[in-house]
>>> print(open('entry_22.cif').read())   # mmCIF, C-alpha atoms
data_final
loop_
_atom_site.label_atom_id
_atom_site.label_comp_id
_atom_site.auth_asym_id
_atom_site.auth_seq_id
_atom_site.Cartn_x
_atom_site.Cartn_y
_atom_site.Cartn_z
CA MET A 69 -19.80 47.61 -1.07
CA THR A 70 -17.91 44.81 0.72
CA SER A 71 -17.36 41.70 -1.39
CA GLU A 72 -17.81 38.35 0.29
CA PRO A 73 -14.66 36.32 0.68
CA PRO A 74 -14.94 32.79 -0.76
CA ALA A 75 -16.28 30.29 1.76
CA ALA A 76 -13.37 28.83 3.69
CA PRO A 77 -13.18 25.03 3.66
CA ALA A 78 -14.22 23.35 6.89
CA PRO A 79 -11.20 23.30 9.18
CA PHE A 80 -9.30 20.02 9.10
CA HIS A 81 -7.85 19.84 12.58
CA PRO A 82 -11.12 18.89 14.35
CA LEU A 83 -11.05 15.66 12.32
CA LEU A 84 -7.49 15.06 13.40
CA VAL A 85 -8.41 15.65 17.03
CA GLN A 86 -11.25 13.18 16.59
CA GLN A 87 -8.84 10.55 15.21
CA VAL A 88 -6.38 10.98 18.05
CA ARG A 89 -9.10 10.74 20.67
CA ALA A 90 -10.63 7.72 18.93
CA HIS A 91 -7.30 5.87 19.21
CA ASP A 92 -6.72 6.91 22.80
CA THR A 93 -7.29 3.41 24.18
CA TYR A 94 -5.63 4.13 27.49
CA GLY A 95 -7.08 7.56 28.13
CA VAL A 96 -3.73 9.33 27.83
CA TRP A 97 -5.39 12.38 26.27
CA GLU A 98 -8.41 12.47 28.52
CA GLY A 99 -8.68 15.74 30.36
CA LYS A 100 -6.18 17.38 28.01
CA ASP A 101 -7.32 20.06 25.62
CA ASN A 102 -7.12 19.99 21.85
CA ASP A 103 -4.15 22.33 21.64
CA ALA A 104 -2.07 19.98 23.77
CA LEU A 105 -3.18 17.06 21.65
CA LEU A 106 -2.24 18.78 18.37
CA GLU A 107 1.07 20.04 19.70
CA PRO A 108 3.10 16.93 18.71
CA PHE A 109 1.95 17.44 15.07
CA ILE A 110 3.72 20.81 15.03
CA VAL A 111 7.41 20.38 14.33
CA ASP A 112 9.12 23.68 13.67
CA LYS A 113 12.69 24.06 12.47
CA ALA A 114 14.20 24.15 15.94
CA LYS A 115 12.30 21.03 16.99
CA ARG A 116 13.22 19.22 13.75
CA LYS A 117 16.90 19.54 14.55
CA THR A 118 16.45 17.83 17.90
CA ILE A 119 14.94 14.67 16.32
CA PRO A 120 17.62 12.24 15.15
CA LEU A 121 17.09 10.36 11.87
CA VAL A 122 18.90 7.21 12.96
CA GLY A 123 17.05 4.04 13.81
CA ASP A 124 13.37 3.32 13.48
CA PRO A 125 10.86 6.15 13.75
CA ASP A 126 9.22 6.33 17.15
CA ALA A 127 5.98 4.30 17.47
CA ARG A 128 4.15 7.44 18.56
CA THR A 129 5.37 9.27 15.47
CA LEU A 130 4.13 6.44 13.26
CA ALA A 131 0.78 6.59 15.05
CA ARG A 132 0.56 10.31 14.26
CA VAL A 133 1.31 9.69 10.57
CA ARG A 134 -1.52 7.15 10.51
CA GLN A 135 -3.90 9.48 12.38
CA PHE A 136 -3.15 12.32 10.01
CA TYR A 137 -3.90 10.31 6.86
CA ALA A 138 -6.94 8.69 8.49
CA ALA A 139 -8.28 12.19 9.14
CA VAL A 140 -7.61 13.13 5.50
CA CYS A 141 -9.64 10.06 4.48
CA LEU A 142 -12.48 11.15 6.75
CA ALA A 143 -12.49 14.63 5.23
CA VAL A 144 -12.60 13.13 1.74
CA GLU A 145 -15.56 11.01 2.79
CA GLN A 146 -17.36 14.03 4.25
CA ARG A 147 -16.97 15.93 0.99
CA THR A 148 -17.71 13.13 -1.49
CA GLY A 149 -19.67 10.47 0.39
CA ILE A 150 -17.03 7.98 -0.75
CA MET A 151 -14.98 6.06 1.78
CA ALA A 152 -11.24 6.25 1.41
CA ALA A 153 -8.68 4.07 3.16
CA PRO A 154 -4.92 4.45 3.52
CA ILE A 155 -2.25 1.88 2.70
CA PHE A 156 1.21 2.51 4.10
CA GLU A 157 4.40 0.93 2.98
CA LEU A 158 7.03 2.20 5.37
CA SER A 159 10.56 0.95 5.69
CA HIS A 160 12.19 0.70 9.07
CA GLU A 161 14.42 3.58 8.05
CA GLY A 162 11.55 6.03 7.96
CA PHE A 163 10.81 6.37 4.32
CA GLY A 164 8.10 4.88 2.19
CA ARG A 165 4.83 5.60 0.56
CA VAL A 166 1.22 6.13 1.45
CA VAL A 167 -1.68 5.82 -0.93
CA LEU A 168 -5.26 6.69 -0.11
CA THR A 169 -7.62 4.42 -1.98
CA ALA A 170 -11.30 4.68 -2.85
CA SER A 171 -12.26 1.34 -4.30
CA ARG A 172 -9.91 0.93 -7.27
CA LEU A 173 -8.90 4.60 -7.45
CA ILE A 174 -5.76 5.94 -5.81
CA VAL A 175 -7.04 9.31 -4.73
CA LEU A 176 -3.74 10.39 -3.20
CA ASN A 177 -0.18 9.18 -3.57
CA ARG A 178 2.60 10.51 -1.36
CA TYR A 179 6.17 9.43 -0.89
CA LEU A 180 7.33 9.84 2.68
CA ARG A 181 10.81 10.41 4.00
CA ASP A 182 12.33 11.28 7.34
CA VAL A 183 9.15 10.06 8.97
CA HIS A 184 11.01 10.48 12.29
CA ARG A 185 10.41 14.19 11.87
CA PHE A 186 6.78 14.00 10.68
CA GLY A 187 4.99 17.22 11.45
CA PHE A 188 4.10 20.67 10.21
CA LEU A 189 5.68 24.07 10.75
CA SER A 190 2.51 25.46 12.29
CA LEU A 191 -1.16 24.68 12.70
CA ASP A 192 -1.79 26.88 9.66
CA ALA A 193 0.70 24.84 7.62
CA LEU A 194 -1.00 21.63 8.76
CA GLU A 195 -4.39 23.00 7.66
CA GLN A 196 -3.03 24.08 4.30
CA GLU A 197 -1.25 20.82 3.50
CA ALA A 198 -4.20 18.72 4.58
CA ASN A 199 -6.60 20.80 2.52
CA ARG A 200 -4.36 20.55 -0.52
CA MET A 201 -4.43 16.76 -0.20
CA ILE A 202 -8.18 16.68 0.35
CA ASP A 203 -8.78 18.92 -2.68
CA GLU A 204 -6.59 16.70 -4.85
CA ALA A 205 -8.46 13.57 -3.75
CA VAL A 206 -11.89 15.17 -4.18
CA GLU A 207 -10.99 16.33 -7.68
CA LEU A 208 -9.78 12.90 -8.73
CA ILE A 209 -12.97 11.29 -7.44
CA ALA A 210 -15.03 13.85 -9.38
CA ARG A 211 -13.04 12.99 -12.49
CA PHE A 212 -13.27 9.20 -12.18
CA PRO A 213 -16.37 8.49 -10.07
CA GLU A 214 -16.87 5.08 -11.67
CA VAL A 215 -13.46 3.82 -10.53
CA ALA A 216 -13.97 5.22 -7.04
CA ARG A 217 -17.29 3.36 -6.75
CA LEU A 218 -16.30 0.04 -8.34
CA MET B 139 -11.60 -31.05 -39.45
CA THR B 140 -9.62 -30.40 -36.28
CA SER B 141 -10.53 -27.17 -34.54
CA GLU B 142 -7.71 -25.10 -33.13
CA PRO B 143 -7.68 -24.85 -29.35
CA PRO B 144 -7.61 -21.26 -28.08
CA ALA B 145 -4.08 -19.90 -27.75
CA ALA B 146 -2.80 -20.66 -24.25
CA PRO B 147 -1.52 -17.64 -22.35
CA ALA B 148 2.27 -17.37 -22.10
CA PRO B 149 3.37 -19.41 -19.09
CA PHE B 150 3.88 -17.34 -15.97
CA HIS B 151 6.58 -19.23 -14.15
CA PRO B 152 9.47 -18.12 -16.40
CA LEU B 153 8.80 -14.57 -15.19
CA LEU B 154 8.88 -15.80 -11.61
CA VAL B 155 12.16 -17.60 -12.23
CA GLN B 156 13.51 -14.39 -13.71
CA GLN B 157 12.47 -12.43 -10.58
CA VAL B 158 14.09 -14.91 -8.22
CA ARG B 159 17.33 -14.93 -10.20
CA ALA B 160 17.30 -11.13 -10.44
CA HIS B 161 17.21 -10.89 -6.64
CA ASP B 162 19.85 -13.56 -6.12
CA THR B 163 22.48 -11.10 -4.92
CA TYR B 164 24.67 -13.75 -3.33
CA GLY B 165 24.46 -16.39 -6.04
CA VAL B 166 22.54 -18.86 -3.88
CA TRP B 167 20.58 -20.09 -6.90
CA GLU B 168 23.47 -20.13 -9.35
CA GLY B 169 24.02 -23.58 -10.81
CA LYS B 170 20.60 -24.73 -9.61
CA ASP B 171 17.87 -25.45 -12.13
CA ASN B 172 14.50 -23.76 -12.38
CA ASP B 173 12.59 -26.63 -10.82
CA ALA B 174 14.67 -26.39 -7.65
CA LEU B 175 14.15 -22.65 -7.63
CA LEU B 176 10.36 -22.92 -7.97
CA GLU B 177 10.10 -25.70 -5.42
CA PRO B 178 9.69 -23.39 -2.36
CA PHE B 179 6.65 -21.79 -4.08
CA ILE B 180 4.88 -25.16 -3.99
CA VAL B 181 3.29 -25.77 -0.61
CA ASP B 182 1.02 -28.79 -0.64
CA LYS B 183 -1.26 -29.81 2.20
CA ALA B 184 1.32 -31.96 3.96
CA LYS B 185 3.92 -29.20 3.78
CA ARG B 186 1.41 -26.56 4.97
CA LYS B 187 0.90 -28.45 8.21
CA THR B 188 4.60 -28.38 8.99
CA ILE B 189 4.79 -24.57 8.85
CA PRO B 190 3.78 -22.96 12.15
CA LEU B 191 1.71 -19.76 12.10
CA VAL B 192 3.24 -18.28 15.24
CA GLY B 193 5.69 -15.42 15.11
CA ASP B 194 6.76 -13.41 12.11
CA PRO B 195 6.75 -14.98 8.66
CA ASP B 196 10.18 -16.07 7.56
CA ALA B 197 12.17 -13.43 5.63
CA ARG B 198 12.60 -15.88 2.75
CA THR B 199 8.84 -16.42 2.63
CA LEU B 200 8.26 -12.67 2.50
CA ALA B 201 10.82 -12.43 -0.31
CA ARG B 202 8.86 -15.07 -2.25
CA VAL B 203 5.59 -13.16 -1.78
CA ARG B 204 7.30 -10.05 -3.18
CA GLN B 205 8.84 -11.98 -6.07
CA PHE B 206 5.51 -13.54 -6.97
CA TYR B 207 3.67 -10.21 -7.15
CA ALA B 208 6.61 -8.54 -8.92
CA ALA B 209 6.35 -11.26 -11.58
CA VAL B 210 2.59 -10.64 -11.87
CA CYS B 211 3.39 -6.95 -12.45
CA LEU B 212 5.88 -7.89 -15.16
CA ALA B 213 3.31 -10.07 -16.90
CA VAL B 214 0.79 -7.23 -16.79
CA GLU B 215 3.37 -4.93 -18.34
CA GLN B 216 4.15 -7.44 -21.10
CA ARG B 217 0.49 -7.67 -22.01
CA THR B 218 -0.50 -4.01 -21.73
CA GLY B 219 2.68 -1.97 -22.05
CA ILE B 220 1.75 -0.32 -18.76
CA MET B 221 4.03 -0.58 -15.76
CA ALA B 222 2.50 -1.87 -12.57
CA ALA B 223 4.03 -1.75 -9.11
CA PRO B 224 3.08 -3.53 -5.89
CA ILE B 225 2.43 -1.97 -2.50
CA PHE B 226 2.40 -4.30 0.47
CA GLU B 227 0.98 -3.63 3.88
CA LEU B 228 1.86 -6.65 5.94
CA SER B 229 1.52 -6.98 9.68
CA HIS B 230 4.11 -8.84 11.67
CA GLU B 231 1.54 -11.54 12.23
CA GLY B 232 1.48 -12.53 8.57
CA PHE B 233 -1.65 -10.93 7.31
CA GLY B 234 -2.21 -7.83 5.29
CA ARG B 235 -2.92 -6.55 1.86
CA VAL B 236 -1.21 -6.13 -1.45
CA VAL B 237 -2.32 -3.80 -4.21
CA LEU B 238 -0.83 -3.63 -7.66
CA THR B 239 -0.97 -0.12 -8.99
CA ALA B 240 -0.71 1.34 -12.47
CA SER B 241 -0.54 5.08 -12.03
CA ARG B 242 -3.75 5.93 -10.14
CA LEU B 243 -5.50 2.63 -10.90
CA ILE B 244 -5.45 -0.31 -8.50
CA VAL B 245 -5.29 -3.13 -11.00
CA LEU B 246 -5.32 -5.85 -8.35
CA ASN B 247 -6.31 -5.92 -4.69
CA ARG B 248 -5.66 -8.96 -2.53
CA TYR B 249 -5.95 -9.52 1.18
CA LEU B 250 -3.28 -11.84 2.49
CA ARG B 251 -3.37 -14.11 5.49
CA ASP B 252 -1.19 -16.85 6.88
CA VAL B 253 1.66 -15.47 4.82
CA HIS B 254 3.89 -17.93 6.70
CA ARG B 255 2.41 -20.61 4.45
CA PHE B 256 2.53 -18.67 1.18
CA GLY B 257 2.61 -21.05 -1.74
CA PHE B 258 0.54 -23.02 -4.22
CA LEU B 259 -0.65 -26.63 -4.23
CA SER B 260 1.18 -27.35 -7.49
CA LEU B 261 2.93 -25.60 -10.33
CA ASP B 262 -0.35 -25.84 -12.27
CA ALA B 263 -2.18 -24.12 -9.43
CA LEU B 264 0.49 -21.40 -9.35
CA GLU B 265 0.06 -20.86 -13.10
CA GLN B 266 -3.71 -20.71 -12.82
CA GLU B 267 -3.81 -18.30 -9.89
CA ALA B 268 -1.21 -16.02 -11.45
CA ASN B 269 -3.04 -15.97 -14.76
CA ARG B 270 -6.33 -15.20 -13.05
CA MET B 271 -4.69 -12.19 -11.39
CA ILE B 272 -3.03 -11.07 -14.62
CA ASP B 273 -6.33 -11.36 -16.54
CA GLU B 274 -8.13 -9.32 -13.90
CA ALA B 275 -5.48 -6.59 -14.03
CA VAL B 276 -5.38 -6.52 -17.83
CA GLU B 277 -9.17 -6.23 -18.00
CA LEU B 278 -9.26 -3.36 -15.54
CA ILE B 279 -6.58 -1.49 -17.48
CA ALA B 280 -8.56 -2.02 -20.70
CA ARG B 281 -11.62 -0.62 -18.95
CA PHE B 282 -9.95 2.44 -17.43
CA PRO B 283 -6.90 3.18 -19.58
CA GLU B 284 -6.96 6.87 -18.74
CA VAL B 285 -6.55 6.22 -15.01
CA ALA B 286 -3.79 3.68 -15.63
CA ARG B 287 -1.88 6.26 -17.70
CA LEU B 288 -2.44 9.36 -15.56
#
>>> encode(input="entry_22.cif", output="structure tokens")
Amino acid sequence: MTSEPPAAPAPFHPLLVQQVRAHDTYGVWEGKDNDALLEPFIVDKAKRKTIPLVGDPDARTLARVRQFYAAVCLAVEQRTGIMAAPIFELSHEGFGRVVLTASRLIVLNRYLRDVHRFGFLSLDALEQEANRMIDEAVELIARFPEVARL
Amino acid sequence: MTSEPPAAPAPFHPLLVQQVRAHDTYGVWEGKDNDALLEPFIVDKAKRKTIPLVGDPDARTLARVRQFYAAVCLAVEQRTGIMAAPIFELSHEGFGRVVLTASRLIVLNRYLRDVHRFGFLSLDALEQEANRMIDEAVELIARFPEVARL
């Protein structure tokens, strides 16, 4: 008499790990495990406070923002078969906008601020936020497939 | 027995003039006429050769790129009633991409290169290229009004 729970979506973080390793030109992450590699994406409240908001966001932080949204695009492609690509417009002060595009459709639109402190409270929070974005993009593609395939 | 020529589209360059004057925070263009103000947008072959492609594009050149696409957005709004907004992703090396967005629709997508030399061979060429872009955007909005109004 046990009822089946609904199928959980495929976990997102393996795609993120894949992105980070794909961009690891100098082998910095070689020989390090996935937990260590995901650790910089986790920014809890205590860690947030230690990151100043003055000046330009750190280049490594910006790389993580790009890796995160690239992984979201990959997940969208896995679920829909349609390639998505990000466009970032970031100011030097750490705010801006990212849109994920599939042909002429904007499948996701997010305003970014305090990019210096980009990260998630926990790995669970990262999974949840990523999956919310992926769901939103997948739904929009289902609604306007013609625009996404133009 | 004269046949009417088709109505010419409204000229584009007054919108461009309006953009440049709107961004003229320090009054640099005050007391100068529109021809002088449009002159930097005209880059003929001789002038092209004098502009080096090394280093970052000049800040004033980047401002002109933004003013040009902002004016295209205005023209699209005048013809459709739908607001469009540009997103730029430009590398420091002077290439990149601009998309004009109306809600979730990308009404125009252009890859940019050699932004250092941004400009048009003549005022006629500027008019023609701008109107081609505006037509393309207006057509796409007519085709997918629901996405442009989401």
>>> calpha_fit_and_write(input="entry_22.cif", fixed="chain B", moving="chain A", output="PDB file with C-alpha atoms, in the coordinates of the input")
ATOM      1  CA  MET A  69     -11.606 -31.740 -38.933  1.00  0.00           C
ATOM      2  CA  THR A  70      -9.615 -30.902 -35.778  1.00  0.00           C
ATOM      3  CA  SER A  71     -10.556 -27.592 -34.171  1.00  0.00           C
ATOM      4  CA  GLU A  72      -7.753 -25.432 -32.857  1.00  0.00           C
ATOM      5  CA  PRO A  73      -7.658 -25.041 -29.110  1.00  0.00           C
ATOM      6  CA  PRO A  74      -7.604 -21.395 -27.965  1.00  0.00           C
ATOM      7  CA  ALA A  75      -4.085 -19.999 -27.710  1.00  0.00           C
ATOM      8  CA  ALA A  76      -2.754 -20.683 -24.234  1.00  0.00           C
ATOM      9  CA  PRO A  77      -1.502 -17.611 -22.370  1.00  0.00           C
ATOM     10  CA  ALA A  78       2.265 -17.312 -22.126  1.00  0.00           C
ATOM     11  CA  PRO A  79       3.385 -19.356 -19.136  1.00  0.00           C
ATOM     12  CA  PHE A  80       3.887 -17.288 -15.998  1.00  0.00           C
ATOM     13  CA  HIS A  81       6.586 -19.208 -14.188  1.00  0.00           C
ATOM     14  CA  PRO A  82       9.486 -18.074 -16.431  1.00  0.00           C
ATOM     15  CA  LEU A  83       8.805 -14.533 -15.185  1.00  0.00           C
ATOM     16  CA  LEU A  84       8.883 -15.771 -11.627  1.00  0.00           C
ATOM     17  CA  VAL A  85      12.168 -17.561 -12.240  1.00  0.00           C
ATOM     18  CA  GLN A  86      13.516 -14.337 -13.706  1.00  0.00           C
ATOM     19  CA  GLN A  87      12.483 -12.400 -10.573  1.00  0.00           C
ATOM     20  CA  VAL A  88      14.092 -14.889  -8.224  1.00  0.00           C
ATOM     21  CA  ARG A  89      17.327 -14.912 -10.188  1.00  0.00           C
ATOM     22  CA  ALA A  90      17.318 -11.113 -10.416  1.00  0.00           C
ATOM     23  CA  HIS A  91      17.198 -10.884  -6.605  1.00  0.00           C
ATOM     24  CA  ASP A  92      19.831 -13.551  -6.096  1.00  0.00           C
ATOM     25  CA  THR A  93      22.457 -11.092  -4.859  1.00  0.00           C
ATOM     26  CA  TYR A  94      24.625 -13.749  -3.287  1.00  0.00           C
ATOM     27  CA  GLY A  95      24.427 -16.348  -6.022  1.00  0.00           C
ATOM     28  CA  VAL A  96      22.515 -18.844  -3.886  1.00  0.00           C
ATOM     29  CA  TRP A  97      20.569 -20.071  -6.919  1.00  0.00           C
ATOM     30  CA  GLU A  98      23.452 -20.095  -9.345  1.00  0.00           C
ATOM     31  CA  GLY A  99      24.012 -23.514 -10.810  1.00  0.00           C
ATOM     32  CA  LYS A 100      20.591 -24.686  -9.631  1.00  0.00           C
ATOM     33  CA  ASP A 101      17.883 -25.419 -12.145  1.00  0.00           C
ATOM     34  CA  ASN A 102      14.511 -23.742 -12.420  1.00  0.00           C
ATOM     35  CA  ASP A 103      12.593 -26.613 -10.864  1.00  0.00           C
ATOM     36  CA  ALA A 104      14.669 -26.364  -7.699  1.00  0.00           C
ATOM     37  CA  LEU A 105      14.160 -22.624  -7.648  1.00  0.00           C
ATOM     38  CA  LEU A 106      10.365 -22.897  -8.005  1.00  0.00           C
ATOM     39  CA  GLU A 107      10.086 -25.690  -5.468  1.00  0.00           C
ATOM     40  CA  PRO A 108       9.684 -23.400  -2.407  1.00  0.00           C
ATOM     41  CA  PHE A 109       6.636 -21.785  -4.120  1.00  0.00           C
ATOM     42  CA  ILE A 110       4.873 -25.159  -4.065  1.00  0.00           C
ATOM     43  CA  VAL A 111       3.277 -25.785  -0.696  1.00  0.00           C
ATOM     44  CA  ASP A 112       1.009 -28.802  -0.742  1.00  0.00           C
ATOM     45  CA  LYS A 113      -1.278 -29.828   2.094  1.00  0.00           C
ATOM     46  CA  ALA A 114       1.298 -31.986   3.836  1.00  0.00           C
ATOM     47  CA  LYS A 115       3.906 -29.225   3.683  1.00  0.00           C
ATOM     48  CA  ARG A 116       1.395 -26.607   4.891  1.00  0.00           C
ATOM     49  CA  LYS A 117       0.865 -28.518   8.109  1.00  0.00           C
ATOM     50  CA  THR A 118       4.568 -28.456   8.904  1.00  0.00           C
ATOM     51  CA  ILE A 119       4.744 -24.620   8.778  1.00  0.00           C
ATOM     52  CA  PRO A 120       3.744 -23.036  12.087  1.00  0.00           C
ATOM     53  CA  LEU A 121       1.665 -19.834  12.038  1.00  0.00           C
ATOM     54  CA  VAL A 122       3.184 -18.366  15.188  1.00  0.00           C
ATOM     55  CA  GLY A 123       5.617 -15.492  15.077  1.00  0.00           C
ATOM     56  CA  ASP A 124       6.704 -13.462  12.099  1.00  0.00           C
ATOM     57  CA  PRO A 125       6.715 -15.031   8.646  1.00  0.00           C
ATOM     58  CA  ASP A 126      10.161 -16.128   7.550  1.00  0.00           C
ATOM     59  CA  ALA A 127      12.149 -13.467   5.630  1.00  0.00           C
ATOM     60  CA  ARG A 128      12.569 -15.896   2.746  1.00  0.00           C
ATOM     61  CA  THR A 129       8.818 -16.444   2.612  1.00  0.00           C
ATOM     62  CA  LEU A 130       8.238 -12.691   2.496  1.00  0.00           C
ATOM     63  CA  ALA A 131      10.793 -12.443  -0.307  1.00  0.00           C
ATOM     64  CA  ARG A 132       8.853 -15.071  -2.267  1.00  0.00           C
ATOM     65  CA  VAL A 133       5.577 -13.170  -1.799  1.00  0.00           C
ATOM     66  CA  ARG A 134       7.283 -10.063  -3.176  1.00  0.00           C
ATOM     67  CA  GLN A 135       8.845 -11.983  -6.085  1.00  0.00           C
ATOM     68  CA  PHE A 136       5.520 -13.519  -6.994  1.00  0.00           C
ATOM     69  CA  TYR A 137       3.670 -10.192  -7.163  1.00  0.00           C
ATOM     70  CA  ALA A 138       6.612  -8.524  -8.921  1.00  0.00           C
ATOM     71  CA  ALA A 139       6.365 -11.225 -11.589  1.00  0.00           C
ATOM     72  CA  VAL A 140       2.609 -10.601 -11.883  1.00  0.00           C
ATOM     73  CA  CYS A 141       3.408  -6.908 -12.438  1.00  0.00           C
ATOM     74  CA  LEU A 142       5.901  -7.826 -15.149  1.00  0.00           C
ATOM     75  CA  ALA A 143       3.335 -10.003 -16.908  1.00  0.00           C
ATOM     76  CA  VAL A 144       0.809  -7.167 -16.782  1.00  0.00           C
ATOM     77  CA  GLU A 145       3.389  -4.857 -18.320  1.00  0.00           C
ATOM     78  CA  GLN A 146       4.168  -7.364 -21.077  1.00  0.00           C
ATOM     79  CA  ARG A 147       0.497  -7.602 -21.999  1.00  0.00           C
ATOM     80  CA  THR A 148      -0.486  -3.929 -21.720  1.00  0.00           C
ATOM     81  CA  GLY A 149       2.712  -1.897 -22.025  1.00  0.00           C
ATOM     82  CA  ILE A 150       1.772  -0.263 -18.721  1.00  0.00           C
ATOM     83  CA  MET A 151       4.059  -0.537 -15.723  1.00  0.00           C
ATOM     84  CA  ALA A 152       2.521  -1.838 -12.545  1.00  0.00           C
ATOM     85  CA  ALA A 153       4.054  -1.727  -9.079  1.00  0.00           C
ATOM     86  CA  PRO A 154       3.088  -3.518  -5.875  1.00  0.00           C
ATOM     87  CA  ILE A 155       2.451  -1.973  -2.467  1.00  0.00           C
ATOM     88  CA  PHE A 156       2.409  -4.331   0.494  1.00  0.00           C
ATOM     89  CA  GLU A 157       0.999  -3.647   3.880  1.00  0.00           C
ATOM     90  CA  LEU A 158       1.862  -6.685   5.947  1.00  0.00           C
ATOM     91  CA  SER A 159       1.505  -7.037   9.672  1.00  0.00           C
ATOM     92  CA  HIS A 160       4.085  -8.918  11.660  1.00  0.00           C
ATOM     93  CA  GLU A 161       1.488 -11.611  12.216  1.00  0.00           C
ATOM     94  CA  GLY A 162       1.424 -12.579   8.568  1.00  0.00           C
ATOM     95  CA  PHE A 163      -1.690 -10.968   7.294  1.00  0.00           C
ATOM     96  CA  GLY A 164      -2.221  -7.839   5.288  1.00  0.00           C
ATOM     97  CA  ARG A 165      -2.917  -6.554   1.863  1.00  0.00           C
ATOM     98  CA  VAL A 166      -1.212  -6.124  -1.456  1.00  0.00           C
ATOM     99  CA  VAL A 167      -2.321  -3.786  -4.190  1.00  0.00           C
ATOM    100  CA  LEU A 168      -0.807  -3.614  -7.643  1.00  0.00           C
ATOM    101  CA  THR A 169      -0.941  -0.082  -8.957  1.00  0.00           C
ATOM    102  CA  ALA A 170      -0.677   1.384 -12.442  1.00  0.00           C
ATOM    103  CA  SER A 171      -0.491   5.117 -11.984  1.00  0.00           C
ATOM    104  CA  ARG A 172      -3.693   5.961 -10.102  1.00  0.00           C
ATOM    105  CA  LEU A 173      -5.452   2.670 -10.871  1.00  0.00           C
ATOM    106  CA  ILE A 174      -5.433  -0.268  -8.481  1.00  0.00           C
ATOM    107  CA  VAL A 175      -5.272  -3.074 -10.982  1.00  0.00           C
ATOM    108  CA  LEU A 176      -5.307  -5.805  -8.347  1.00  0.00           C
ATOM    109  CA  ASN A 177      -6.298  -5.892  -4.702  1.00  0.00           C
ATOM    110  CA  ARG A 178      -5.661  -8.950  -2.553  1.00  0.00           C
ATOM    111  CA  TYR A 179      -5.957  -9.524   1.151  1.00  0.00           C
ATOM    112  CA  LEU A 180      -3.297 -11.867   2.452  1.00  0.00           C
ATOM    113  CA  ARG A 181      -3.394 -14.147   5.447  1.00  0.00           C
ATOM    114  CA  ASP A 182      -1.210 -16.892   6.832  1.00  0.00           C
ATOM    115  CA  VAL A 183       1.634 -15.505   4.771  1.00  0.00           C
ATOM    116  CA  HIS A 184       3.854 -17.990   6.656  1.00  0.00           C
ATOM    117  CA  ARG A 185       2.361 -20.643   4.412  1.00  0.00           C
ATOM    118  CA  PHE A 186       2.485 -18.681   1.131  1.00  0.00           C
ATOM    119  CA  GLY A 187       2.581 -21.047  -1.795  1.00  0.00           C
ATOM    120  CA  PHE A 188       0.542 -23.017  -4.284  1.00  0.00           C
ATOM    121  CA  LEU A 189      -0.659 -26.608  -4.336  1.00  0.00           C
ATOM    122  CA  SER A 190       1.184 -27.331  -7.567  1.00  0.00           C
ATOM    123  CA  LEU A 191       2.943 -25.587 -10.414  1.00  0.00           C
ATOM    124  CA  ASP A 192      -0.328 -25.813 -12.345  1.00  0.00           C
ATOM    125  CA  ALA A 193      -2.176 -24.094  -9.490  1.00  0.00           C
ATOM    126  CA  LEU A 194       0.481 -21.369  -9.414  1.00  0.00           C
ATOM    127  CA  GLU A 195       0.063 -20.815 -13.169  1.00  0.00           C
ATOM    128  CA  GLN A 196      -3.706 -20.673 -12.878  1.00  0.00           C
ATOM    129  CA  GLU A 197      -3.811 -18.258  -9.948  1.00  0.00           C
ATOM    130  CA  ALA A 198      -1.214 -15.981 -11.482  1.00  0.00           C
ATOM    131  CA  ASN A 199      -3.035 -15.927 -14.800  1.00  0.00           C
ATOM    132  CA  ARG A 200      -6.321 -15.144 -13.095  1.00  0.00           C
ATOM    133  CA  MET A 201      -4.683 -12.146 -11.422  1.00  0.00           C
ATOM    134  CA  ILE A 202      -3.022 -11.013 -14.635  1.00  0.00           C
ATOM    135  CA  ASP A 203      -6.307 -11.287 -16.556  1.00  0.00           C
ATOM    136  CA  GLU A 204      -8.115  -9.256 -13.903  1.00  0.00           C
ATOM    137  CA  ALA A 205      -5.469  -6.519 -14.018  1.00  0.00           C
ATOM    138  CA  VAL A 206      -5.364  -6.440 -17.825  1.00  0.00           C
ATOM    139  CA  GLU A 207      -9.143  -6.141 -17.996  1.00  0.00           C
ATOM    140  CA  LEU A 208      -9.236  -3.274 -15.526  1.00  0.00           C
ATOM    141  CA  ILE A 209      -6.552  -1.410 -17.464  1.00  0.00           C
ATOM    142  CA  ALA A 210      -8.539  -1.924 -20.681  1.00  0.00           C
ATOM    143  CA  ARG A 211     -11.597  -0.520 -18.934  1.00  0.00           C
ATOM    144  CA  PHE A 212      -9.919   2.538 -17.403  1.00  0.00           C
ATOM    145  CA  PRO A 213      -6.854   3.263 -19.559  1.00  0.00           C
ATOM    146  CA  GLU A 214      -6.917   6.960 -18.682  1.00  0.00           C
ATOM    147  CA  VAL A 215      -6.508   6.290 -14.954  1.00  0.00           C
ATOM    148  CA  ALA A 216      -3.757   3.753 -15.584  1.00  0.00           C
ATOM    149  CA  ARG A 217      -1.831   6.316 -17.654  1.00  0.00           C
ATOM    150  CA  LEU A 218      -2.372   9.412 -15.498  1.00  0.00           C
TER     151      LEU A 218
END
>>> residues_around(input="entry_22.cif", residues="Leu191 of chain B", least_positions_apart="2", cutoff="10 Å", atoms="only C-alpha atoms", output="PyMOL selection string")
chain B and resi 186-189+193-195+231-232+252-255
>>> residues_around(input="entry_22.cif", residues="Glu197 of chain A", least_positions_apart="2", cutoff="12 Å", atoms="all atoms listed in the file", output="list of chain:residue names")
A:Pro79, A:Phe80, A:His81, A:Phe136, A:Tyr137, A:Val140, A:Gly187, A:Phe188, A:Leu189, A:Ser190, A:Leu191, A:Asp192, A:Ala193, A:Leu194, A:Glu195, A:Asn199, A:Arg200, A:Met201, A:Ile202, A:Asp203, A:Glu204
>>> resolve_selection(input="entry_22.cif", expression="the PyMOL selection byres ((chain B) within 6 of (chain A))", output="PyMOL selection string")
chain B and resi 227+242-244
